[in-house]
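Asker: What follows is the file work.txt, containing compact mmCIF, C-alpha atoms and all ligand atoms:
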```txt
# COMPACT_ATOMS: atom_id res chain seq x y z
CA MET A 742 -107.74 33.77 -45.38
CA GLU A 743 -104.17 32.73 -44.66
CA ILE A 744 -101.38 31.15 -46.69
CA VAL A 745 -99.71 28.19 -45.01
CA LEU A 746 -96.30 26.80 -45.89
CA THR A 747 -96.98 23.11 -45.31
CA GLY A 748 -93.48 21.67 -45.70
CA LYS A 749 -90.22 21.68 -47.69
CA GLY A 750 -90.43 21.73 -51.48
CA GLY A 751 -91.54 24.18 -54.16
CA PRO A 752 -94.20 26.91 -54.19
CA GLU A 753 -96.85 24.16 -54.49
CA MET A 754 -96.27 23.58 -50.76
CA LEU A 755 -98.27 26.76 -50.06
CA ALA A 756 -101.93 26.15 -49.18
CA VAL A 757 -104.80 28.61 -48.85
CA ARG A 758 -106.77 28.21 -45.58
CA ASP A 759 -109.46 30.05 -43.65
CA ASP A 760 -108.06 31.82 -40.63
CA ASP A 761 -109.60 32.46 -37.20
CA ALA A 762 -110.47 35.97 -36.11
CA VAL A 763 -108.01 36.45 -33.25
CA PRO A 764 -108.73 39.57 -31.16
CA PRO A 765 -105.80 41.79 -30.18
CA GLY A 766 -104.46 41.28 -26.67
CA ARG A 767 -103.01 43.90 -24.32
CA GLY A 768 -100.70 46.26 -26.20
CA GLU A 769 -101.67 44.74 -29.57
CA VAL A 770 -103.61 45.87 -32.63
CA ARG A 771 -105.42 43.91 -35.33
CA VAL A 772 -104.56 44.99 -38.86
CA ARG A 773 -106.46 44.29 -42.10
CA VAL A 774 -103.57 43.54 -44.42
CA GLU A 775 -103.57 45.41 -47.75
CA ALA A 776 -100.13 44.41 -49.02
CA SER A 777 -97.25 42.16 -48.03
CA GLY A 778 -93.84 41.46 -49.54
CA VAL A 779 -92.49 38.29 -51.16
CA SER A 780 -88.78 37.94 -50.45
CA PHE A 781 -85.76 35.68 -50.74
CA ALA A 782 -86.35 34.73 -47.09
CA GLU A 783 -89.43 32.74 -48.18
CA VAL A 784 -87.37 31.04 -50.90
CA GLN A 785 -84.96 29.91 -48.17
CA MET A 786 -87.86 28.89 -45.91
CA LEU A 787 -89.23 26.68 -48.70
CA ARG A 788 -85.95 24.77 -48.54
CA GLY A 789 -85.83 24.80 -44.71
CA ARG A 790 -82.69 26.97 -44.87
CA TYR A 791 -83.78 30.25 -43.30
CA PRO A 792 -82.01 30.83 -39.96
CA MET A 793 -84.29 29.79 -37.07
CA GLN A 794 -87.46 29.51 -39.16
CA PRO A 795 -90.53 28.03 -37.41
CA LYS A 796 -91.41 24.33 -37.75
CA PHE A 797 -93.76 23.46 -40.65
CA PRO A 798 -96.62 24.21 -41.07
CA PHE A 799 -96.54 27.98 -40.57
CA VAL A 800 -97.72 31.18 -42.25
CA PRO A 801 -94.88 33.06 -43.99
CA GLY A 802 -94.84 36.79 -44.71
CA TYR A 803 -92.00 39.05 -43.60
CA ASP A 804 -93.75 42.41 -43.66
CA LEU A 805 -97.11 44.05 -44.14
CA VAL A 806 -99.00 47.27 -44.74
CA GLY A 807 -102.64 47.58 -43.70
CA THR A 808 -105.31 49.39 -41.72
CA VAL A 809 -105.89 48.98 -37.99
CA THR A 810 -109.37 47.50 -37.38
CA GLU A 811 -109.20 46.80 -33.63
CA VAL A 812 -107.10 48.05 -30.75
CA GLY A 813 -106.34 46.04 -27.60
CA ALA A 814 -106.14 47.30 -24.03
CA GLU A 815 -103.40 49.75 -23.02
CA VAL A 816 -102.57 50.78 -26.58
CA ARG A 817 -101.47 54.40 -26.92
CA GLY A 818 -100.82 56.31 -30.10
CA VAL A 819 -102.42 53.86 -32.56
CA ARG A 820 -106.09 54.15 -33.50
CA VAL A 821 -108.67 52.24 -35.52
CA GLY A 822 -108.39 53.44 -39.12
CA ASP A 823 -104.64 54.19 -38.98
CA ARG A 824 -102.67 52.83 -41.93
CA VAL A 825 -99.53 51.16 -40.64
CA ALA A 826 -96.56 49.01 -41.62
CA ALA A 827 -94.80 46.29 -39.61
CA MET A 828 -92.07 43.69 -39.95
CA THR A 829 -93.31 40.29 -38.71
CA ARG A 830 -90.63 37.94 -40.22
CA THR A 831 -93.39 35.30 -40.56
CA GLY A 832 -97.17 35.45 -40.36
CA ALA A 833 -97.98 38.40 -42.62
CA TRP A 834 -99.56 36.41 -45.48
CA ARG A 835 -103.00 36.64 -43.87
CA SER A 836 -106.06 38.82 -44.39
CA HIS A 837 -105.78 40.00 -40.77
CA VAL A 838 -102.74 40.03 -38.51
CA VAL A 839 -102.37 40.84 -34.81
CA VAL A 840 -99.15 42.74 -34.04
CA ARG A 841 -97.72 44.65 -31.08
CA ALA A 842 -98.78 48.28 -31.26
CA ALA A 843 -95.20 49.24 -30.39
CA ASP A 844 -94.02 47.60 -33.64
CA VAL A 845 -96.18 49.50 -36.13
CA VAL A 846 -95.04 52.54 -38.10
CA PRO A 847 -97.53 55.00 -39.68
CA VAL A 848 -97.66 54.97 -43.49
CA PRO A 849 -98.00 58.41 -45.14
CA ALA A 850 -101.34 58.79 -46.95
CA ALA A 851 -99.59 59.62 -50.25
CA ILE A 852 -97.91 56.19 -50.48
CA GLU A 853 -100.18 53.41 -51.73
CA SER A 854 -99.98 50.13 -49.87
CA GLY A 855 -98.16 48.01 -52.50
CA THR A 856 -95.40 50.60 -52.86
CA ALA A 857 -95.13 50.93 -49.07
CA ALA A 858 -94.86 47.14 -48.67
CA ALA A 859 -91.99 47.06 -51.18
CA VAL A 860 -89.88 49.21 -48.84
CA VAL A 861 -90.65 47.86 -45.37
CA MET A 862 -88.05 45.13 -44.81
CA ASN A 863 -86.15 45.80 -48.05
CA GLY A 864 -86.10 49.57 -47.63
CA VAL A 865 -84.88 49.50 -44.04
CA THR A 866 -82.25 46.88 -44.91
CA ALA A 867 -80.92 48.94 -47.83
CA TRP A 868 -81.14 52.27 -45.97
CA GLN A 869 -79.37 51.06 -42.82
CA MET A 870 -76.61 49.31 -44.77
CA THR A 871 -76.04 52.35 -47.01
CA HIS A 872 -76.24 55.12 -44.43
CA GLN A 873 -75.50 53.56 -41.05
CA VAL A 874 -73.16 50.63 -41.78
CA ALA A 875 -71.15 51.59 -44.89
CA ARG A 876 -71.89 55.34 -44.66
CA VAL A 877 -71.71 55.74 -48.43
CA ARG A 878 -70.60 59.23 -49.47
CA SER A 879 -70.34 61.28 -52.60
CA GLY A 880 -67.29 60.42 -54.72
CA GLN A 881 -67.05 56.81 -53.51
CA THR A 882 -67.31 53.71 -55.69
CA VAL A 883 -69.42 50.83 -54.36
CA LEU A 884 -70.21 47.31 -55.56
CA VAL A 885 -73.75 45.98 -55.12
CA HIS A 886 -74.18 42.26 -55.70
CA GLY A 887 -77.63 41.25 -56.94
CA ALA A 888 -78.38 44.80 -58.12
CA SER A 889 -81.56 43.61 -59.86
CA GLY A 890 -83.16 42.17 -56.69
CA GLY A 891 -85.59 43.62 -54.17
CA VAL A 892 -82.92 44.81 -51.73
CA GLY A 893 -80.20 45.24 -54.37
CA SER A 894 -82.21 47.65 -56.53
CA LEU A 895 -82.88 49.86 -53.49
CA LEU A 896 -79.20 49.73 -52.49
CA VAL A 897 -78.29 50.98 -55.96
CA ARG A 898 -80.82 53.80 -55.82
CA LEU A 899 -79.72 54.93 -52.34
CA ALA A 900 -75.99 54.79 -53.17
CA VAL A 901 -76.54 56.73 -56.42
CA ARG A 902 -78.60 59.26 -54.51
CA ALA A 903 -75.70 59.60 -52.02
CA GLY A 904 -73.45 60.54 -54.95
CA ALA A 905 -71.54 57.27 -55.33
CA ARG A 906 -70.51 55.49 -58.49
CA VAL A 907 -72.21 52.08 -58.37
CA LEU A 908 -71.15 48.80 -59.97
CA GLY A 909 -73.87 46.16 -59.82
CA THR A 910 -73.83 42.42 -60.53
CA ALA A 911 -76.90 40.89 -62.20
CA SER A 912 -77.92 38.38 -64.85
CA ALA A 913 -77.33 39.76 -68.36
CA SER A 914 -81.07 39.89 -69.13
CA LYS A 915 -81.46 42.48 -66.35
CA HIS A 916 -78.59 44.79 -67.32
CA ASP A 917 -80.82 47.41 -68.93
CA ALA A 918 -82.86 47.57 -65.73
CA VAL A 919 -79.67 47.91 -63.64
CA ARG A 920 -78.41 50.70 -65.93
CA ALA A 921 -81.75 52.46 -65.55
CA LEU A 922 -81.22 52.44 -61.77
CA GLY A 923 -77.94 54.28 -62.32
CA ALA A 924 -75.41 51.44 -61.94
CA GLU A 925 -72.81 49.90 -64.26
CA PRO A 926 -73.87 46.26 -64.69
CA ILE A 927 -71.58 43.22 -64.39
CA ASP A 928 -72.73 39.76 -65.46
CA TYR A 929 -72.02 37.46 -62.50
CA ARG A 930 -72.94 34.41 -64.56
CA ALA A 931 -70.27 35.16 -67.18
CA GLY A 932 -67.38 34.26 -64.91
CA ASP A 933 -64.75 36.46 -63.38
CA VAL A 934 -66.57 39.20 -61.41
CA PRO A 935 -63.43 40.36 -59.50
CA ALA A 936 -61.49 40.81 -62.77
CA ARG A 937 -64.31 42.88 -64.26
CA VAL A 938 -64.57 45.02 -61.11
CA ARG A 939 -60.80 45.62 -61.19
CA GLU A 940 -61.06 46.74 -64.83
CA LEU A 941 -63.78 49.22 -63.93
CA ALA A 942 -62.28 50.34 -60.59
CA PRO A 943 -58.52 49.66 -60.60
CA GLY A 944 -58.06 51.35 -57.21
CA GLY A 945 -60.60 49.10 -55.53
CA VAL A 946 -64.05 49.94 -54.20
CA ASP A 947 -65.05 51.70 -50.98
CA ALA A 948 -67.88 49.34 -50.08
CA VAL A 949 -69.23 45.97 -51.18
CA PHE A 950 -72.75 44.80 -50.32
CA ASP A 951 -72.65 41.01 -50.51
CA HIS A 952 -75.71 38.75 -50.18
CA VAL A 953 -74.00 35.91 -52.07
CA GLY A 954 -71.84 34.56 -49.23
CA GLY A 955 -69.40 31.65 -49.44
CA ARG A 956 -66.46 32.22 -51.78
CA SER A 957 -67.84 35.58 -52.87
CA LEU A 958 -67.01 37.12 -49.48
CA VAL A 959 -63.27 36.56 -49.96
CA ASP A 960 -63.44 38.03 -53.47
CA SER A 961 -65.46 40.98 -52.18
CA TYR A 962 -62.98 41.71 -49.37
CA ASP A 963 -60.05 41.52 -51.80
CA LEU A 964 -61.75 44.17 -53.97
CA LEU A 965 -61.81 46.75 -51.17
CA ALA A 966 -59.68 49.87 -51.39
CA ASP A 967 -57.81 50.94 -48.23
CA GLY A 968 -60.36 51.84 -45.55
CA GLY A 969 -63.18 50.09 -47.44
CA VAL A 970 -66.00 48.06 -45.91
CA LEU A 971 -67.54 44.71 -46.80
CA VAL A 972 -71.15 44.32 -45.66
CA SER A 973 -72.26 40.68 -45.67
CA TYR A 974 -76.02 40.30 -45.40
CA GLY A 975 -77.02 37.00 -46.97
CA SER A 976 -75.94 33.61 -48.20
CA ALA A 977 -77.75 33.15 -51.52
CA SER A 978 -75.02 30.91 -52.94
CA THR A 979 -75.57 28.25 -50.25
CA LEU A 980 -79.33 27.89 -50.86
CA ARG A 981 -78.87 24.46 -52.40
CA ASP A 982 -76.36 23.17 -49.85
CA GLU A 983 -77.32 20.12 -47.85
CA GLY A 984 -76.71 19.81 -44.11
CA HIS A 985 -77.50 22.22 -41.31
CA TRP A 986 -78.36 25.79 -42.37
CA LEU A 987 -75.81 27.08 -39.84
CA ARG A 988 -72.80 25.39 -41.43
CA PRO A 989 -71.98 28.01 -44.12
CA TYR A 990 -72.25 30.78 -41.53
CA LEU A 991 -69.65 29.11 -39.28
CA GLY A 992 -67.03 29.24 -42.05
CA THR A 993 -67.89 32.89 -42.64
CA ILE A 994 -67.54 33.77 -38.95
CA ALA A 995 -64.05 32.20 -38.92
CA THR A 996 -63.02 34.15 -42.04
CA PHE A 997 -64.29 37.40 -40.55
CA ALA A 998 -62.44 36.73 -37.29
CA GLY A 999 -59.19 36.36 -39.27
CA TRP A 1000 -59.76 39.74 -40.98
CA ARG A 1001 -60.56 41.33 -37.64
CA VAL A 1002 -57.28 40.13 -36.16
CA ARG A 1003 -55.37 41.55 -39.15
CA ARG A 1004 -57.17 44.85 -38.66
CA LEU A 1005 -56.35 44.90 -34.93
CA VAL A 1006 -52.64 44.27 -35.55
CA GLY A 1007 -52.60 47.01 -38.18
CA ARG A 1008 -52.23 44.78 -41.23
CA GLY A 1009 -55.71 45.13 -42.69
CA ARG A 1010 -55.13 48.41 -44.62
CA GLY A 1011 -57.99 49.89 -42.62
CA ARG A 1012 -60.52 47.58 -44.27
CA ARG A 1013 -63.39 46.12 -42.24
CA ALA A 1014 -65.90 43.36 -42.77
CA THR A 1015 -69.21 43.27 -40.98
CA PHE A 1016 -72.48 41.32 -40.89
CA TYR A 1017 -75.84 43.02 -41.20
CA TYR A 1018 -79.15 41.59 -40.01
CA VAL A 1019 -82.31 43.68 -39.97
CA LYS A 1020 -83.70 44.01 -36.44
CA GLY A 1021 -87.06 45.35 -35.23
CA GLY A 1022 -87.49 47.97 -32.52
CA ALA A 1023 -86.88 51.70 -32.36
CA SER A 1024 -84.03 51.84 -34.90
CA PHE A 1025 -86.15 49.92 -37.43
CA ALA A 1026 -89.07 52.29 -36.92
CA GLU A 1027 -86.84 55.33 -37.31
CA ALA A 1028 -85.23 53.97 -40.47
CA LEU A 1029 -88.64 53.11 -41.97
CA ARG A 1030 -89.84 56.68 -41.28
CA GLN A 1031 -86.79 57.96 -43.18
CA VAL A 1032 -87.47 55.56 -46.06
CA PHE A 1033 -91.17 56.52 -46.27
CA ASP A 1034 -90.11 60.16 -46.25
CA LEU A 1035 -87.82 59.59 -49.25
CA VAL A 1036 -90.59 57.71 -51.09
CA GLU A 1037 -93.13 60.44 -50.34
CA ARG A 1038 -90.76 63.12 -51.66
CA GLY A 1039 -90.17 61.11 -54.84
CA GLU A 1040 -86.48 60.53 -54.00
CA LEU A 1041 -86.74 56.76 -53.69
CA GLU A 1042 -88.91 54.66 -55.94
CA PRO A 1043 -89.02 50.90 -55.42
CA THR A 1044 -89.08 48.76 -58.54
CA ILE A 1045 -92.17 46.56 -58.38
CA GLU A 1046 -91.96 43.53 -60.67
CA ALA A 1047 -95.50 42.26 -60.09
CA ARG A 1048 -98.51 42.33 -57.80
CA TYR A 1049 -100.54 39.21 -57.03
CA PRO A 1050 -103.69 38.73 -54.96
CA LEU A 1051 -102.96 37.01 -51.61
CA GLU A 1052 -104.63 33.76 -52.69
CA LYS A 1053 -102.12 33.52 -55.58
CA ALA A 1054 -99.15 33.47 -53.19
CA ALA A 1055 -97.87 30.22 -54.74
CA LEU A 1056 -97.71 31.87 -58.18
CA ALA A 1057 -96.02 34.93 -56.67
CA LEU A 1058 -93.37 32.85 -54.90
CA GLY A 1059 -92.89 30.78 -58.06
CA HIS A 1060 -92.20 34.01 -59.93
CA LEU A 1061 -89.41 34.88 -57.47
CA VAL A 1062 -88.03 31.33 -57.50
CA ASP A 1063 -87.81 31.20 -61.32
CA GLY A 1064 -85.31 34.09 -61.29
CA SER A 1065 -87.05 36.30 -63.85
CA ALA A 1066 -88.03 39.08 -61.41
CA THR A 1067 -86.45 42.53 -61.26
CA GLY A 1068 -87.24 44.31 -58.01
CA LYS A 1069 -90.00 43.40 -55.59
CA ILE A 1070 -93.01 41.09 -55.83
CA VAL A 1071 -95.97 42.16 -53.70
CA LEU A 1072 -99.09 40.33 -52.49
CA GLU A 1073 -102.25 42.43 -52.23
CA ALA A 1074 -105.62 41.89 -50.53
N1 LIG A 1101 -79.44 40.44 -43.53
C1 LIG A 1101 -80.65 40.94 -43.62
O1 LIG A 1101 -81.17 41.52 -42.68
C2 LIG A 1101 -81.40 40.79 -44.90
C3 LIG A 1101 -82.61 41.46 -45.07
C4 LIG A 1101 -83.26 41.31 -46.30
C5 LIG A 1101 -82.71 40.52 -47.29
N2 LIG A 1101 -81.54 39.89 -47.05
C6 LIG A 1101 -80.89 39.07 -48.10
O2 LIG A 1101 -80.83 39.87 -49.25
C7 LIG A 1101 -80.78 39.06 -50.39
C8 LIG A 1101 -81.74 39.59 -51.42
O3 LIG A 1101 -83.06 39.44 -50.96
P1 LIG A 1101 -84.25 39.85 -51.91
O4 LIG A 1101 -85.52 39.52 -51.21
O5 LIG A 1101 -84.01 41.22 -52.42
O6 LIG A 1101 -84.05 38.78 -53.07
P2 LIG A 1101 -84.39 38.81 -54.62
O7 LIG A 1101 -85.34 39.93 -54.92
O8 LIG A 1101 -84.77 37.42 -54.96
O9 LIG A 1101 -83.02 39.17 -55.29
C9 LIG A 1101 -81.96 38.29 -55.25
C10 LIG A 1101 -80.99 38.73 -56.31
O10 LIG A 1101 -79.83 37.96 -56.13
C11 LIG A 1101 -79.22 37.85 -57.37
N3 LIG A 1101 -78.29 36.72 -57.33
C12 LIG A 1101 -78.55 35.44 -57.12
N4 LIG A 1101 -77.40 34.74 -57.11
C13 LIG A 1101 -76.40 35.64 -57.29
C14 LIG A 1101 -75.00 35.58 -57.39
N5 LIG A 1101 -74.35 34.42 -57.30
N6 LIG A 1101 -74.29 36.72 -57.59
C15 LIG A 1101 -74.92 37.90 -57.69
N7 LIG A 1101 -76.25 38.03 -57.60
C16 LIG A 1101 -76.97 36.91 -57.41
C17 LIG A 1101 -80.34 37.73 -58.37
O11 LIG A 1101 -79.86 38.34 -59.55
P3 LIG A 1101 -80.42 38.02 -61.03
O12 LIG A 1101 -81.91 37.87 -60.86
O13 LIG A 1101 -80.01 39.20 -61.81
O14 LIG A 1101 -79.78 36.73 -61.47
C18 LIG A 1101 -81.46 38.52 -57.71
O15 LIG A 1101 -81.61 39.79 -58.27
C19 LIG A 1101 -81.09 37.64 -49.92
O16 LIG A 1101 -79.90 36.89 -49.87
C20 LIG A 1101 -81.67 37.85 -48.54
O17 LIG A 1101 -81.44 36.75 -47.70
C21 LIG A 1101 -80.88 40.00 -45.89
```
Now, as a test, write the supplied structure out as structure tokens.

Answerer:
Amino acid sequence: MEIVLTGKGGPEMLAVRDDDAVPPGRGEVRVRVEASGVSFAEVQMLRGRYPMQPKFPFVPGYDLVGTVTEVGAEVRGVRVGDRVAAMTRTGAWRSHVVVRAADVVPVPAAIESGTAAAVVMNGVTAWQMTHQVARVRSGQTVLVHGASGGVGSLLVRLAVRAGARVLGTASASKHDAVRALGAEPIDYRAGDVPARVRELAPGGVDAVFDHVGGRSLVDSYDLLADGGVLVSYGSASTLRDEGHWLRPYLGTIATFAGWRVRRLVGRGRGRRATFYYVKGGASFAEALRQVFDLVERGELEPTIEARYPLEKAALALGHLVDGSATGKIVLEA
């Protein structure tokens, strides 16, 4: 079975189809998928606004966890029966997926597949931004936009675990959940987020994680304390824009270039602004091993809003689109 995104529109544009049994080629493995994530990327793809998405029709699915059922020629280190995870960007919403053996990461036996799937793309994104980009430390104050979301909830947990004070924006209905994660909630729908952040942290914040984009980036940068860092990793606020998907990013690049010049001439108060985009390869694999290790030791627990069978992918995506979810939605075999 595979789930095909047939064109632009709502979740009803997803269709369930039979898939062909493709054997793994050289250096590839075939994986029986047990769980796969539903993410904001698919919401953008539905609107044709995800950067460089394939032409319709295509099979979405950013990441997967499953068991290797077949191994192609010249594969070393991965065997039939291994449980593995991989980031595919698209194509994971299938019963069976062929991936490069070099791209799979072993999943510890103690972590069930739905939980593991909730931290593949989201976990690596949150972990790398927290520990490698912003380098959040004990005693710092950080602002996490979208603290109730799949990535946002993990950012909060990791920053709290690092010893930071965390302020998190979310819809009011999700404030209890955000508090339970360890953050101080701010209602972004109620108006002036910067004013509220300044009330809570008059000296500014050491890091802002911003997936909102557009105007929010300027507000986020202005909230930084001396030496602080703005990490921009999404553009949720431009989802409903018309025109080319690239347009909002061009404005952002120009704004960032201006800040960089100020920093270079010594007028930026040591603040920096940077983009983050999750990339595959060795650093992804290493980060995912670290994330699985935290999950296995009980130090990182993803919030799972709901689990749906693969054939109900349209319902699952509808659940994310309607805005009621807290944490991650997972598809299971
Ligand atoms: N750069 C990368 O490599 C990378 C990787 C993964 C994800 N991302 C980005 O990360 C973001 C989150 O992805 P996800 O899958 O975790 O999505 P998600 O689970 O749907 O969460 C999105 C969250 O955004 C919040 N939100 C929406 N509009 C907002 C606004 N104006 N201000 C503050 N919060 C707002 C929502 O909060 P409420 O529900 O409380 O209203 C929701 O919790 C997306 O923008 C995605 O593109 C980027």

Asker: Calculate, to one decimal in Å, the centre and edge lengths of the box along x, y and z of the file that holds all listed atoms of stretch 780-794 of chain A with 5 Å of margin on each side, and present them as AutoDock Vina command-line options.

Answerer:
```
--center_x -85.7 --center_y 31.4 --center_z -44.0 --size_x 17.4 --size_y 23.2 --size_z 23.8
```

Asker: Contacts of stretch 783-790 of chain A at 10 Å or less, counting all atoms listed in the file, minus same-chain residues fewer than 5 places along, as a PyMOL selection string?

Answerer: chain A and resi 746-755+778+795-797+801-803+830-831+976-977+979-987+1058-1059+1061-1062

Asker: Would you compute the distance between atom CA of A:Asp960 and atom C20 of ligand LIG 1101 (chain A)? Give it in Å to one decimal.

Answerer: 18.9 Å

Asker: Dump as JSON lines the rows for residues of chain A within 7 Å of ligand LIG 1101 (chain A): closest atom pair and distance in Å with one decimal, only C-alpha atoms and all ligand atoms counted, ordered by chain and rising residue number.

Answerer:
```
{"residue": "A:Ser780", "atom": "CA", "partner": "A:LIG1101", "partner_atom": "O4", "distance": 3.7}
{"residue": "A:Phe781", "atom": "CA", "partner": "A:LIG1101", "partner_atom": "O4", "distance": 3.9}
{"residue": "A:Ala782", "atom": "CA", "partner": "A:LIG1101", "partner_atom": "O17", "distance": 5.3}
{"residue": "A:Met862", "atom": "CA", "partner": "A:LIG1101", "partner_atom": "C4", "distance": 6.3}
{"residue": "A:Asn863", "atom": "CA", "partner": "A:LIG1101", "partner_atom": "C4", "distance": 5.6}
{"residue": "A:Thr866", "atom": "CA", "partner": "A:LIG1101", "partner_atom": "C3", "distance": 5.4}
{"residue": "A:His886", "atom": "CA", "partner": "A:LIG1101", "partner_atom": "C15", "distance": 4.8}
{"residue": "A:Gly887", "atom": "CA", "partner": "A:LIG1101", "partner_atom": "N7", "distance": 3.6}
{"residue": "A:Ala888", "atom": "CA", "partner": "A:LIG1101", "partner_atom": "O15", "distance": 6.0}
{"residue": "A:Ser889", "atom": "CA", "partner": "A:LIG1101", "partner_atom": "O15", "distance": 4.1}
{"residue": "A:Gly890", "atom": "CA", "partner": "A:LIG1101", "partner_atom": "O15", "distance": 3.3}
{"residue": "A:Gly891", "atom": "CA", "partner": "A:LIG1101", "partner_atom": "O5", "distance": 3.4}
{"residue": "A:Val892", "atom": "CA", "partner": "A:LIG1101", "partner_atom": "O5", "distance": 3.8}
{"residue": "A:Gly893", "atom": "CA", "partner": "A:LIG1101", "partner_atom": "O5", "distance": 5.9}
{"residue": "A:Thr910", "atom": "CA", "partner": "A:LIG1101", "partner_atom": "C15", "distance": 5.4}
{"residue": "A:Ala911", "atom": "CA", "partner": "A:LIG1101", "partner_atom": "O13", "distance": 3.6}
{"residue": "A:Ser912", "atom": "CA", "partner": "A:LIG1101", "partner_atom": "O13", "distance": 3.8}
{"residue": "A:Lys915", "atom": "CA", "partner": "A:LIG1101", "partner_atom": "O13", "distance": 5.8}
{"residue": "A:Tyr929", "atom": "CA", "partner": "A:LIG1101", "partner_atom": "N6", "distance": 5.5}
{"residue": "A:His952", "atom": "CA", "partner": "A:LIG1101", "partner_atom": "O16", "distance": 4.6}
{"residue": "A:Val953", "atom": "CA", "partner": "A:LIG1101", "partner_atom": "C14", "distance": 5.4}
{"residue": "A:Tyr974", "atom": "CA", "partner": "A:LIG1101", "partner_atom": "N1", "distance": 3.9}
{"residue": "A:Gly975", "atom": "CA", "partner": "A:LIG1101", "partner_atom": "O16", "distance": 4.1}
{"residue": "A:Ser976", "atom": "CA", "partner": "A:LIG1101", "partner_atom": "O16", "distance": 5.4}
{"residue": "A:Ala977", "atom": "CA", "partner": "A:LIG1101", "partner_atom": "O16", "distance": 4.6}
{"residue": "A:Ser978", "atom": "CA", "partner": "A:LIG1101", "partner_atom": "N5", "distance": 5.6}
{"residue": "A:Tyr1017", "atom": "CA", "partner": "A:LIG1101", "partner_atom": "N1", "distance": 5.0}
{"residue": "A:Tyr1018", "atom": "CA", "partner": "A:LIG1101", "partner_atom": "O1", "distance": 3.3}
{"residue": "A:Val1019", "atom": "CA", "partner": "A:LIG1101", "partner_atom": "O1", "distance": 3.6}
{"residue": "A:Leu1061", "atom": "CA", "partner": "A:LIG1101", "partner_atom": "O8", "distance": 5.9}
{"residue": "A:Gly1064", "atom": "CA", "partner": "A:LIG1101", "partner_atom": "O12", "distance": 5.1}
{"residue": "A:Ser1065", "atom": "CA", "partner": "A:LIG1101", "partner_atom": "O12", "distance": 6.2}
{"residue": "A:Ala1066", "atom": "CA", "partner": "A:LIG1101", "partner_atom": "O12", "distance": 6.3}
{"residue": "A:Thr1067", "atom": "CA", "partner": "A:LIG1101", "partner_atom": "O15", "distance": 6.3}
{"residue": "A:Gly1068", "atom": "CA", "partner": "A:LIG1101", "partner_atom": "O7", "distance": 5.7}
{"residue": "A:Lys1069", "atom": "CA", "partner": "A:LIG1101", "partner_atom": "O7", "distance": 5.8}
```

Asker: Figure out the distance between atom CA of A:Ala1028 and atom CA of A:Glu853, please, to one decimal in Å.

Answerer: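 Atom CA of A:Glu853 sits 18.7 Å away from atom CA of A:Ala1028.
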
Asker: What does the structure give for the distance between atom CA of A:Glu743 and atom CA of A:Val800, in Å to one decimal?

Answerer: 7.1 Å

Asker: When you count all atoms listed in the file, which of these residues is closest to A:Leu922: A:Pro1043, A:Pro798, A:Pro849, A:Pro792?

Answerer: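 The closest residue to A:Leu922 is A:Pro1043.
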
Asker: Just checking: using all atoms listed in the file, which residue out of A:Val846, A:Val934, A:Ala776, A:Val763 ends up closest to A:Gly813?

Answerer: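 Once distances to A:Gly813 are computed over all atoms listed in the file, the minimum belongs to A:Val763.
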
Asker: Contacts of stretch 814-825 of chain A at 7 Å or less, counting all atoms listed in the file, minus same-chain residues fewer than 4 places along, as a PyMOL selection string?

Answerer: chain A and resi 766-769+806-810+842+845-848

Asker: Just need stretch 863-893 of chain A in a file, please: C-alpha atoms, as a PDB file, in the first residue's frame.

Answerer:
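Saved as selection31.pdb:
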```
ATOM      1  CA  ASN A 863      11.844  16.217  14.652  1.00  0.00           C
ATOM      2  CA  GLY A 864      14.326  14.895  17.205  1.00  0.00           C
ATOM      3  CA  VAL A 865      17.393  15.551  15.079  1.00  0.00           C
ATOM      4  CA  THR A 866      16.106  19.024  14.168  1.00  0.00           C
ATOM      5  CA  ALA A 867      15.499  19.945  17.820  1.00  0.00           C
ATOM      6  CA  TRP A 868      18.725  18.333  19.067  1.00  0.00           C
ATOM      7  CA  GLN A 869      21.000  19.953  16.477  1.00  0.00           C
ATOM      8  CA  MET A 870      19.425  23.391  16.928  1.00  0.00           C
ATOM      9  CA  THR A 871      19.649  23.175  20.729  1.00  0.00           C
ATOM     10  CA  HIS A 872      23.108  21.671  21.113  1.00  0.00           C
ATOM     11  CA  GLN A 873      25.018  22.433  17.914  1.00  0.00           C
ATOM     12  CA  VAL A 874      23.562  25.714  16.632  1.00  0.00           C
ATOM     13  CA  ALA A 875      22.405  27.684  19.706  1.00  0.00           C
ATOM     14  CA  ARG A 876      24.475  25.662  22.220  1.00  0.00           C
ATOM     15  CA  VAL A 877      21.912  26.205  24.963  1.00  0.00           C
ATOM     16  CA  ARG A 878      23.470  26.173  28.440  1.00  0.00           C
ATOM     17  CA  SER A 879      22.350  26.131  32.020  1.00  0.00           C
ATOM     18  CA  GLY A 880      21.251  29.553  33.288  1.00  0.00           C
ATOM     19  CA  GLN A 881      20.197  30.858  29.870  1.00  0.00           C
ATOM     20  CA  THR A 882      16.701  32.000  28.902  1.00  0.00           C
ATOM     21  CA  VAL A 883      15.383  30.862  25.522  1.00  0.00           C
ATOM     22  CA  LEU A 884      12.221  31.514  23.514  1.00  0.00           C
ATOM     23  CA  VAL A 885      10.640  28.631  21.584  1.00  0.00           C
ATOM     24  CA  HIS A 886       7.949  29.608  19.104  1.00  0.00           C
ATOM     25  CA  GLY A 887       5.318  26.925  18.511  1.00  0.00           C
ATOM     26  CA  ALA A 888       6.196  25.164  21.773  1.00  0.00           C
ATOM     27  CA  SER A 889       3.174  22.868  21.414  1.00  0.00           C
ATOM     28  CA  GLY A 890       4.229  21.452  18.024  1.00  0.00           C
ATOM     29  CA  GLY A 891       6.164  18.342  17.050  1.00  0.00           C
ATOM     30  CA  VAL A 892       9.556  20.063  16.857  1.00  0.00           C
ATOM     31  CA  GLY A 893       8.693  22.808  19.370  1.00  0.00           C
TER      32      GLY A 893
END
```
